[in-house]
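Source file: protein02.cif. Holds: mmCIF, C-alpha atoms and all ligand atoms.
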```cif
data_work
loop_
_atom_site.label_atom_id
_atom_site.label_comp_id
_atom_site.auth_asym_id
_atom_site.auth_seq_id
_atom_site.Cartn_x
_atom_site.Cartn_y
_atom_site.Cartn_z
CA MET W 297 -42.72 2.82 17.47
CA PHE W 298 -46.28 2.29 16.18
CA LEU W 299 -48.01 2.86 12.83
CA LYS W 300 -49.23 6.43 12.52
CA ARG W 301 -52.64 5.42 11.20
CA LYS W 302 -55.91 4.08 12.56
CA ASP W 303 -56.63 1.53 9.81
CA LEU W 304 -54.98 -0.77 7.28
CA LEU W 305 -57.20 -0.64 4.19
CA THR W 306 -54.80 -0.77 1.25
CA ILE W 307 -51.10 -1.26 0.57
CA ARG W 308 -51.30 2.05 -1.32
CA ASP W 309 -51.47 3.90 2.04
CA LEU W 310 -48.25 2.39 3.44
CA ASP W 311 -44.84 3.91 2.77
CA VAL W 312 -41.66 1.82 2.53
CA GLU W 313 -40.64 2.67 6.11
CA GLU W 314 -44.00 1.47 7.46
CA ILE W 315 -43.73 -1.79 5.48
CA LYS W 316 -40.21 -2.34 6.83
CA LEU W 317 -41.45 -1.65 10.38
CA ILE W 318 -44.22 -4.26 9.99
CA LEU W 319 -41.76 -6.86 8.65
CA GLU W 320 -39.19 -6.15 11.41
CA THR W 321 -41.88 -6.34 14.09
CA ALA W 322 -43.18 -9.61 12.62
CA SER W 323 -39.63 -10.96 12.83
CA SER W 324 -39.51 -10.14 16.55
CA PHE W 325 -42.88 -11.85 17.15
CA GLU W 326 -41.99 -14.99 15.18
CA GLU W 327 -40.17 -16.55 18.13
CA ILE W 328 -43.45 -16.74 20.12
CA LEU W 329 -44.66 -19.48 17.73
CA THR W 330 -41.80 -21.73 18.88
CA ARG W 331 -42.60 -21.44 22.61
CA PRO W 332 -44.41 -24.24 24.49
CA ILE W 333 -46.91 -21.60 25.73
CA LYS W 334 -47.59 -19.34 22.76
CA LYS W 335 -48.89 -16.32 24.61
CA VAL W 336 -47.61 -12.86 25.62
CA PRO W 337 -49.55 -10.12 27.45
CA THR W 338 -48.92 -7.42 24.80
CA LEU W 339 -52.57 -6.70 23.92
CA ARG W 340 -54.24 -7.71 27.20
CA GLY W 341 -57.46 -5.72 27.62
CA LYS W 342 -57.93 -5.07 23.87
CA THR W 343 -60.98 -6.41 22.01
CA ILE W 344 -60.86 -7.46 18.37
CA VAL W 345 -63.77 -8.53 16.16
CA ASN W 346 -63.20 -10.92 13.24
CA PHE W 347 -66.02 -9.90 10.87
CA PHE W 348 -65.87 -12.33 7.93
CA LEU W 349 -68.76 -12.08 5.46
CA GLU W 350 -66.96 -14.28 2.89
CA PRO W 351 -65.36 -17.71 3.44
CA SER W 352 -61.80 -17.89 4.77
CA THR W 353 -59.59 -20.50 6.37
CA ARG W 354 -56.11 -18.94 6.51
CA THR W 355 -56.80 -15.25 7.08
CA ARG W 356 -59.55 -15.69 9.63
CA SER W 357 -57.79 -18.31 11.74
CA SER W 358 -54.41 -16.58 11.63
CA PHE W 359 -55.95 -13.29 12.81
CA GLU W 360 -57.64 -15.27 15.59
CA LEU W 361 -54.40 -17.01 16.59
CA ALA W 362 -52.45 -13.73 16.38
CA ALA W 363 -54.95 -11.93 18.63
CA LYS W 364 -55.05 -14.78 21.14
CA MET W 365 -51.24 -15.13 21.25
CA LEU W 366 -51.13 -11.43 22.14
CA SER W 367 -53.77 -12.01 24.89
CA ALA W 368 -56.46 -9.87 23.20
CA GLU W 369 -60.14 -10.82 23.45
CA LEU W 370 -61.49 -11.98 20.08
CA ILE W 371 -65.05 -12.36 18.81
CA ASN W 372 -65.82 -14.19 15.53
CA ILE W 373 -68.80 -13.04 13.46
CA SER W 374 -69.68 -14.67 10.13
CA ALA W 375 -72.15 -13.85 7.36
CA LYS W 376 -74.77 -16.16 8.87
CA THR W 377 -74.47 -14.85 12.43
CA SER W 378 -74.25 -11.16 11.54
CA ALA W 379 -77.18 -8.71 11.53
CA VAL W 380 -75.92 -7.66 8.05
CA ALA W 381 -77.90 -10.73 6.91
CA LYS W 382 -81.01 -8.88 8.19
CA GLY W 383 -80.12 -5.76 6.19
CA GLU W 384 -78.05 -3.77 8.71
CA SER W 385 -75.83 -1.19 6.99
CA LEU W 386 -72.07 -0.94 7.45
CA LYS W 387 -72.58 2.48 9.10
CA ASP W 388 -74.91 0.96 11.71
CA THR W 389 -72.52 -1.97 12.13
CA ALA W 390 -69.73 0.53 12.90
CA LYS W 391 -71.89 2.40 15.41
CA THR W 392 -72.92 -0.90 17.07
CA PHE W 393 -69.32 -2.03 17.57
CA GLU W 394 -68.34 1.47 18.71
CA ALA W 395 -70.95 1.21 21.46
CA MET W 396 -69.31 -2.05 22.52
CA LYS W 397 -65.94 -0.23 22.84
CA ILE W 398 -64.02 -2.61 20.59
CA ASP W 399 -60.46 -1.70 19.60
CA ALA W 400 -60.23 -3.26 16.12
CA LEU W 401 -62.33 -5.00 13.50
CA VAL W 402 -60.91 -7.30 10.83
CA ILE W 403 -63.27 -7.36 7.85
CA ARG W 404 -63.60 -9.60 4.80
CA HIS W 405 -66.35 -8.55 2.44
CA SER W 406 -67.42 -9.44 -1.11
CA SER W 407 -67.79 -5.75 -2.04
CA SER W 408 -64.70 -3.75 -2.99
CA GLY W 409 -64.50 -0.68 -0.73
CA ALA W 410 -66.56 -2.09 2.17
CA PRO W 411 -63.67 -1.76 4.70
CA HIS W 412 -63.12 1.88 3.64
CA LEU W 413 -66.80 2.66 4.22
CA LEU W 414 -66.83 0.99 7.63
CA ALA W 415 -63.59 2.75 8.64
CA LYS W 416 -65.11 6.15 7.80
CA PHE W 417 -67.81 5.66 10.43
CA ALA W 418 -65.73 3.82 13.07
CA ASN W 419 -63.57 5.15 15.91
CA PHE W 420 -61.83 1.74 16.16
CA SER W 421 -59.13 0.35 13.83
CA VAL W 422 -60.35 -1.40 10.68
CA ILE W 423 -58.16 -3.99 8.95
CA ASN W 424 -58.99 -5.10 5.41
CA ALA W 425 -58.83 -8.93 5.23
CA GLY W 426 -59.89 -8.93 1.56
CA ASP W 427 -62.56 -6.81 -0.16
CA GLY W 428 -64.08 -8.08 -3.39
CA THR W 429 -61.56 -7.92 -6.23
CA HIS W 430 -59.89 -4.85 -4.73
CA GLU W 431 -57.17 -5.63 -2.15
CA HIS W 432 -55.87 -8.10 0.43
CA PRO W 433 -53.10 -6.06 2.09
CA THR W 434 -52.16 -8.48 4.89
CA GLN W 435 -51.61 -11.24 2.29
CA ALA W 436 -49.10 -8.97 0.50
CA LEU W 437 -47.33 -8.20 3.79
CA LEU W 438 -47.03 -11.87 4.73
CA ASP W 439 -45.74 -12.65 1.24
CA LEU W 440 -43.05 -9.98 1.56
CA PHE W 441 -42.12 -11.40 4.97
CA THR W 442 -41.87 -14.96 3.57
CA ILE W 443 -39.74 -13.89 0.58
CA LYS W 444 -37.37 -11.88 2.81
CA LYS W 445 -37.02 -14.86 5.14
CA LYS W 446 -36.31 -17.31 2.32
CA LEU W 447 -34.14 -15.18 0.00
CA GLY W 448 -32.67 -12.66 2.47
CA LYS W 449 -33.80 -9.65 0.44
CA ILE W 450 -36.71 -8.21 -1.52
CA SER W 451 -35.32 -5.27 -3.49
CA GLY W 452 -33.90 -6.26 -6.89
CA LEU W 453 -35.83 -9.54 -7.15
CA LYS W 454 -37.81 -10.56 -10.24
CA ILE W 455 -41.28 -11.96 -9.50
CA ALA W 456 -43.83 -13.40 -11.94
CA ILE W 457 -47.50 -13.30 -10.88
CA VAL W 458 -49.36 -15.92 -12.88
CA GLY W 459 -53.06 -16.49 -13.47
CA ASP W 460 -56.33 -14.76 -12.71
CA ILE W 461 -55.00 -11.20 -12.25
CA LEU W 462 -58.36 -9.70 -13.23
CA HIS W 463 -60.28 -11.03 -10.23
CA SER W 464 -57.43 -11.16 -7.74
CA ARG W 465 -57.27 -8.81 -4.75
CA VAL W 466 -54.05 -10.64 -3.83
CA ALA W 467 -52.48 -9.68 -7.17
CA ARG W 468 -53.46 -6.02 -6.75
CA SER W 469 -52.00 -5.77 -3.22
CA ASN W 470 -48.90 -7.74 -4.15
CA ILE W 471 -48.19 -5.66 -7.26
CA LEU W 472 -48.37 -2.50 -5.12
CA ALA W 473 -46.24 -4.01 -2.35
CA PHE W 474 -43.63 -5.52 -4.69
CA ASN W 475 -43.32 -2.24 -6.62
CA LYS W 476 -42.84 -0.25 -3.41
CA MET W 477 -40.10 -2.65 -2.30
CA GLY W 478 -38.10 -2.51 -5.57
CA VAL W 479 -39.21 -5.77 -7.20
CA LYS W 480 -39.53 -6.14 -10.99
CA VAL W 481 -43.03 -7.57 -11.52
CA THR W 482 -44.08 -9.57 -14.59
CA LEU W 483 -47.70 -10.63 -15.03
CA VAL W 484 -48.41 -13.82 -16.99
CA ALA W 485 -52.00 -14.70 -17.91
CA PRO W 486 -54.39 -15.12 -20.81
CA PRO W 487 -55.19 -11.62 -22.19
CA THR W 488 -58.78 -11.97 -20.90
CA LEU W 489 -57.51 -12.26 -17.32
CA ILE W 490 -55.38 -9.08 -17.46
CA PRO W 491 -57.24 -5.94 -16.20
CA LEU W 492 -57.76 -3.20 -18.81
CA ASP W 493 -56.25 -0.54 -16.49
CA ILE W 494 -53.00 -2.49 -16.11
CA GLU W 495 -50.96 0.39 -17.65
CA ALA W 496 -51.60 2.32 -14.43
CA LEU W 497 -49.42 -0.22 -12.59
CA ASP W 498 -45.68 -0.44 -13.09
CA VAL W 499 -45.55 -4.02 -14.46
CA GLU W 500 -44.54 -5.98 -17.53
CA VAL W 501 -47.19 -8.23 -19.15
CA ARG W 502 -46.17 -11.43 -20.96
CA TYR W 503 -48.03 -14.47 -22.19
CA ASN W 504 -45.40 -17.22 -22.42
CA LEU W 505 -44.95 -18.81 -18.99
CA ASN W 506 -42.21 -21.19 -20.21
CA GLU W 507 -39.96 -18.22 -21.03
CA VAL W 508 -40.75 -16.17 -17.93
CA ILE W 509 -40.24 -18.86 -15.27
CA LYS W 510 -36.60 -19.31 -16.31
CA GLU W 511 -35.88 -15.63 -15.58
CA VAL W 512 -37.51 -15.01 -12.20
CA ASP W 513 -36.71 -15.56 -8.51
CA VAL W 514 -40.32 -16.21 -7.51
CA VAL W 515 -43.27 -17.68 -9.42
CA TYR W 516 -46.42 -16.50 -7.63
CA LEU W 517 -49.47 -18.49 -8.72
CA LEU W 518 -53.06 -17.35 -8.34
CA ARG W 519 -56.22 -19.38 -8.00
CA ILE W 520 -58.64 -19.26 -10.94
CA GLN W 521 -61.68 -17.60 -9.35
CA LEU W 522 -64.49 -19.24 -11.28
CA GLU W 523 -66.97 -17.91 -8.68
CA ARG W 524 -66.18 -14.31 -9.75
CA GLN W 525 -66.33 -14.94 -13.52
CA ALA W 526 -69.68 -13.84 -14.95
CA GLU W 527 -68.70 -15.37 -18.32
CA ALA W 528 -66.08 -17.91 -19.41
CA LEU W 529 -62.79 -16.03 -19.90
CA PHE W 530 -60.80 -18.94 -21.36
CA PRO W 531 -61.91 -21.94 -23.42
CA SER W 532 -61.46 -24.66 -20.80
CA ILE W 533 -59.74 -25.46 -17.51
CA ARG W 534 -57.67 -28.07 -19.36
CA GLU W 535 -56.39 -25.47 -21.86
CA TYR W 536 -55.68 -22.96 -19.08
CA SER W 537 -53.75 -25.56 -17.16
CA SER W 538 -51.72 -26.65 -20.19
CA LEU W 539 -50.61 -23.05 -20.90
CA PHE W 540 -50.44 -21.46 -17.43
CA GLY W 541 -50.40 -24.31 -14.88
CA LEU W 542 -47.16 -25.24 -13.11
CA ASN W 543 -46.33 -28.93 -13.52
CA LEU W 544 -43.12 -30.97 -13.21
CA GLU W 545 -42.39 -30.79 -16.94
CA ARG W 546 -42.76 -27.01 -17.08
CA ILE W 547 -40.49 -26.34 -14.08
CA ARG W 548 -37.62 -28.55 -15.36
CA GLU W 549 -35.74 -25.49 -16.58
CA ILE W 550 -36.25 -23.11 -13.67
CA LYS W 551 -33.36 -22.10 -11.42
CA PRO W 552 -33.09 -24.56 -8.47
CA ASN W 553 -33.73 -21.87 -5.84
CA THR W 554 -36.74 -20.28 -7.55
CA LEU W 555 -39.57 -20.02 -5.02
CA ILE W 556 -43.09 -21.18 -5.88
CA MET W 557 -45.77 -19.32 -3.95
CA HIS W 558 -49.56 -19.36 -3.81
CA PRO W 559 -51.88 -17.51 -1.40
CA GLY W 560 -54.21 -20.50 -1.13
CA PRO W 561 -56.60 -22.14 -1.37
CA ILE W 562 -54.88 -24.04 -4.20
CA ASN W 563 -56.65 -25.87 -7.02
CA ARG W 564 -54.39 -28.90 -7.45
CA GLY W 565 -54.23 -29.91 -11.10
CA ILE W 566 -55.32 -26.47 -12.39
CA GLU W 567 -52.79 -23.71 -11.54
CA ILE W 568 -50.39 -26.11 -9.79
CA SER W 569 -49.92 -29.87 -10.05
CA ALA W 570 -50.05 -31.98 -6.89
CA GLU W 571 -46.36 -32.91 -7.39
CA VAL W 572 -45.18 -29.30 -7.72
CA ALA W 573 -47.18 -28.27 -4.63
CA GLU W 574 -45.14 -30.78 -2.59
CA LEU W 575 -41.67 -29.64 -3.75
CA PRO W 576 -39.33 -28.07 -1.14
CA ASN W 577 -39.28 -24.74 -3.00
CA ALA W 578 -43.10 -24.60 -3.02
CA ILE W 579 -43.41 -22.56 0.18
CA ILE W 580 -47.18 -22.37 0.53
CA ALA W 581 -47.15 -23.62 4.14
CA ASP W 582 -44.42 -21.09 5.02
CA GLN W 583 -46.72 -18.33 3.75
CA VAL W 584 -49.46 -19.56 6.08
CA GLU W 585 -47.03 -19.62 9.03
CA SER W 586 -45.81 -16.09 8.23
CA GLY W 587 -49.43 -14.93 8.35
CA ILE W 588 -49.53 -15.33 12.13
CA SER W 589 -46.38 -13.29 12.86
CA VAL W 590 -47.30 -10.57 10.37
CA ARG W 591 -50.84 -10.25 11.74
CA MET W 592 -49.49 -10.15 15.31
CA ALA W 593 -47.18 -7.33 14.23
CA LEU W 594 -49.99 -5.43 12.58
CA LEU W 595 -52.36 -5.73 15.54
CA TYR W 596 -49.59 -4.62 17.86
CA LEU W 597 -48.53 -1.68 15.68
CA LEU W 598 -52.10 -0.47 15.15
CA LEU W 599 -53.41 -0.98 18.68
CA GLY W 600 -50.29 0.33 20.38
CA GLY W 601 -49.52 -2.46 22.85
CA LYS W 602 -47.59 -1.03 25.77
CA THR W 603 -45.29 -3.89 26.79
CA GLY W 604 -42.97 -4.03 23.76
CA GLY W 605 -42.69 -6.20 20.64
CA GLY W 606 -42.23 -9.92 21.17
CA GLY W 607 -43.57 -9.73 24.76
N1 LIG P 1 -55.06 -16.48 1.25
C1 LIG P 1 -56.30 -16.35 1.77
O1 LIG P 1 -56.84 -15.24 1.87
O2 LIG P 1 -56.88 -17.51 2.18
P1 LIG P 1 -58.28 -17.63 2.91
O3 LIG P 1 -59.35 -17.28 1.90
O4 LIG P 1 -58.38 -19.05 3.39
O5 LIG P 1 -58.29 -16.64 4.05
#
```
Could you rewrite the structure in this file as structure tokens?
Amino acid sequence: MFLKRKDLLTIRDLDVEEIKLILETASSFEEILTRPIKKVPTLRGKTIVNFFLEPSTRTRSSFELAAKMLSAELINISAKTSAVAKGESLKDTAKTFEAMKIDALVIRHSSSGAPHLLAKFANFSVINAGDGTHEHPTQALLDLFTIKKKLGKISGLKIAIVGDILHSRVARSNILAFNKMGVKVTLVAPPTLIPLDIEALDVEVRYNLNEVIKEVDVVYLLRIQLERQAEALFPSIREYSSLFGLNLERIREIKPNTLIMHPGPINRGIEISAEVAELPNAIIADQVESGISVRMALLYLLLGGKTGGGG
């Protein structure tokens, strides 16, 4: 079974059955990471372009590893090496890659909606690897996969998302994904970092992290995105950290099996202390590992590999 769509642009498009299919397929691919030779022929003959016009470590390299483990050809293009730097439009970029007969393009772009625009003009699959402050759907999928693996279920959990909700494409995709999968979502942030249209999303908003962290199964921290703040939205980093940062003192009262998650890159000492980041229930490295299996699953399900999941 494959996904009945050309592109993955937003979590909004996926129904629960499709999300479950991606997670189950990722589970079947996970075993490949444990093999001495991490390669199966599933996508042999397919060509994938990694088109990253914003910095990335995790997403870019895990898409590359996922494509290579499935034996696809992969080309990396960055902001500096792309003709977009010379003013080429996304429409012309789509037509150029179409002429090269590529099968999929993974795009990260600083403008919200850029992947949607490219997908409109492209006959190949487009995967959104993060667009502006809009969405980061594969991050949400890998987070669901990690939570399911660690806690054995998703539906019925309580998850707090803490920090810079306003600028976070991860928060937007995760709120949508968690809601679809039956999670109760609580947002915790200074009022200036909560989007004005938050009522449109089915979430609770609270301001006291000390109270919330005792009640939830997962504390999901976000990076403060100073690069996207046009003006200061809280008095100081020190004040933010004292009210919304996770440190050893603050987590003394959480349940022992509460998971601490973060999409990365982390700002040690701001949203999470160095000590908390090293705790066994801080599963940031597990999230990174899940990213490879989930992105393998997605490439396979979108490109329709013919030899079966897991090789
Ligand atoms: N989580 C995430 O998107 O990390 P990168 O920016 O390193 O890809």
**Message:** I want to know what sits within 9 Å of Leu595 (chain W), based on only C-alpha atoms, with residues of the same chain fewer than 3 positions away left out; could you give that as JSON, numbers by chain?
**Reply:** {"W": [339, 359, 362, 363, 366, 400, 423, 590, 591, 592, 598, 599, 600, 601]}
**Request:** Could you report the residues within 9 Å of ligand LIG 1 (chain P), using only C-alpha atoms and all ligand atoms, as JSON, numbers by chain?
**Result:** {"W": [350, 351, 352, 353, 354, 355, 356, 357, 358, 404, 425, 426, 432, 434, 435, 466, 558, 559, 560, 561, 583, 584]}
**Request:** Could you tell me how far CA of Val345 (chain W) lies from CA of Ile373 (chain W), in Å and to one decimal?
**Result:**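 So the answer is 7.3 Å.
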**Request:** List the neighbours of region 389-399 of chain W out to 8 Å using all atoms listed in the file; skip same-chain residues closer than 3 positions along the sequence, and give me the result as a PyMOL selection string.
**Result:** chain W and resi 342-345+380+384-386+414-415+417-421+599
Please save C-alpha atoms of the selected residues as a PDB file, in the frame of the given file.
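Output (again_23.pdb):
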```pdb
ATOM      1  CA  LYS W 342     -57.930  -5.070  23.870  1.00  0.00           C
ATOM      2  CA  THR W 343     -60.980  -6.410  22.010  1.00  0.00           C
ATOM      3  CA  ILE W 344     -60.860  -7.460  18.370  1.00  0.00           C
ATOM      4  CA  VAL W 345     -63.770  -8.530  16.160  1.00  0.00           C
ATOM      5  CA  VAL W 380     -75.920  -7.660   8.050  1.00  0.00           C
ATOM      6  CA  GLU W 384     -78.050  -3.770   8.710  1.00  0.00           C
ATOM      7  CA  SER W 385     -75.830  -1.190   6.990  1.00  0.00           C
ATOM      8  CA  LEU W 386     -72.070  -0.940   7.450  1.00  0.00           C
ATOM      9  CA  LEU W 414     -66.830   0.990   7.630  1.00  0.00           C
ATOM     10  CA  ALA W 415     -63.590   2.750   8.640  1.00  0.00           C
ATOM     11  CA  PHE W 417     -67.810   5.660  10.430  1.00  0.00           C
ATOM     12  CA  ALA W 418     -65.730   3.820  13.070  1.00  0.00           C
ATOM     13  CA  ASN W 419     -63.570   5.150  15.910  1.00  0.00           C
ATOM     14  CA  PHE W 420     -61.830   1.740  16.160  1.00  0.00           C
ATOM     15  CA  SER W 421     -59.130   0.350  13.830  1.00  0.00           C
ATOM     16  CA  LEU W 599     -53.410  -0.980  18.680  1.00  0.00           C
TER      17      LEU W 599
END
```
**Item:** Top pick for closest residue to Val501 (chain W), considering W:Ala436, W:Ile307, W:Ile403, W:Ala485 and counting all atoms listed in the file
**Value:**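 Among the listed residues, the smallest separation from Val501 (chain W) belongs to W:Ala485.
Excluding region 312-315 of chain W itself and any same-chain residue fewer than 2 positions from it, the protein and nucleic acid residues within 10 Å of it, counting only C-alpha atoms, are Phe298, Leu299, Lys300, Ile307, Asp309, Leu310, Leu317, Ile318, Leu319, Glu320, Thr321, Leu437, Leu440, Phe441, Ala473, Lys476, Met477, Gly478 and Leu597 of chain W.
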Fill-in result for region 311-333 of chain W, N, CA and C atoms as a compact mmCIF listing (two decimals), in the frame of the given file:
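Done, and the output landed in rebuild-v9.txt:
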```txt
# COMPACT_ATOMS: atom_id res chain seq x y z
N ASP W 311 -46.11 3.58 3.42
CA ASP W 311 -44.84 3.91 2.77
C ASP W 311 -43.82 2.81 3.08
N VAL W 312 -42.67 2.89 2.41
CA VAL W 312 -41.66 1.82 2.53
C VAL W 312 -41.23 1.64 3.99
N GLU W 313 -41.08 2.76 4.71
CA GLU W 313 -40.64 2.67 6.11
C GLU W 313 -41.67 1.92 6.96
N GLU W 314 -42.95 2.17 6.70
CA GLU W 314 -44.00 1.47 7.46
C GLU W 314 -43.98 -0.03 7.13
N ILE W 315 -43.80 -0.36 5.86
CA ILE W 315 -43.73 -1.79 5.48
C ILE W 315 -42.55 -2.46 6.17
N LYS W 316 -41.40 -1.77 6.17
CA LYS W 316 -40.21 -2.34 6.83
C LYS W 316 -40.46 -2.52 8.33
N LEU W 317 -41.15 -1.55 8.95
CA LEU W 317 -41.45 -1.65 10.38
C LEU W 317 -42.34 -2.87 10.66
N ILE W 318 -43.33 -3.10 9.80
CA ILE W 318 -44.22 -4.26 9.99
C ILE W 318 -43.41 -5.56 9.86
N LEU W 319 -42.54 -5.63 8.86
CA LEU W 319 -41.76 -6.86 8.65
C LEU W 319 -40.78 -7.09 9.80
N GLU W 320 -40.14 -6.01 10.28
CA GLU W 320 -39.19 -6.15 11.41
C GLU W 320 -39.93 -6.57 12.68
N THR W 321 -41.11 -5.99 12.90
CA THR W 321 -41.88 -6.34 14.09
C THR W 321 -42.35 -7.79 14.01
N ALA W 322 -42.75 -8.21 12.80
CA ALA W 322 -43.18 -9.61 12.62
C ALA W 322 -42.02 -10.55 12.94
N SER W 323 -40.82 -10.16 12.56
CA SER W 323 -39.63 -10.96 12.83
C SER W 323 -39.45 -11.14 14.34
N SER W 324 -39.69 -10.06 15.09
CA SER W 324 -39.51 -10.14 16.55
C SER W 324 -40.61 -10.98 17.21
N PHE W 325 -41.78 -11.05 16.59
CA PHE W 325 -42.88 -11.85 17.15
C PHE W 325 -42.78 -13.33 16.77
N GLU W 326 -42.02 -13.64 15.73
CA GLU W 326 -41.99 -14.99 15.18
C GLU W 326 -41.60 -16.04 16.22
N GLU W 327 -40.71 -15.63 17.12
CA GLU W 327 -40.17 -16.55 18.13
C GLU W 327 -41.28 -17.09 19.04
N ILE W 328 -42.35 -16.32 19.22
CA ILE W 328 -43.45 -16.74 20.12
C ILE W 328 -44.06 -18.07 19.63
N LEU W 329 -44.06 -18.26 18.30
CA LEU W 329 -44.66 -19.48 17.73
C LEU W 329 -43.88 -20.74 18.11
N THR W 330 -42.63 -20.57 18.55
CA THR W 330 -41.80 -21.73 18.88
C THR W 330 -41.88 -22.07 20.38
N ARG W 331 -42.55 -21.21 21.15
CA ARG W 331 -42.60 -21.44 22.61
C ARG W 331 -43.62 -22.52 22.96
N PRO W 332 -43.40 -23.25 24.07
CA PRO W 332 -44.41 -24.24 24.49
C PRO W 332 -45.74 -23.55 24.82
N ILE W 333 -45.67 -22.37 25.47
CA ILE W 333 -46.91 -21.60 25.73
C ILE W 333 -46.85 -20.35 24.86
```
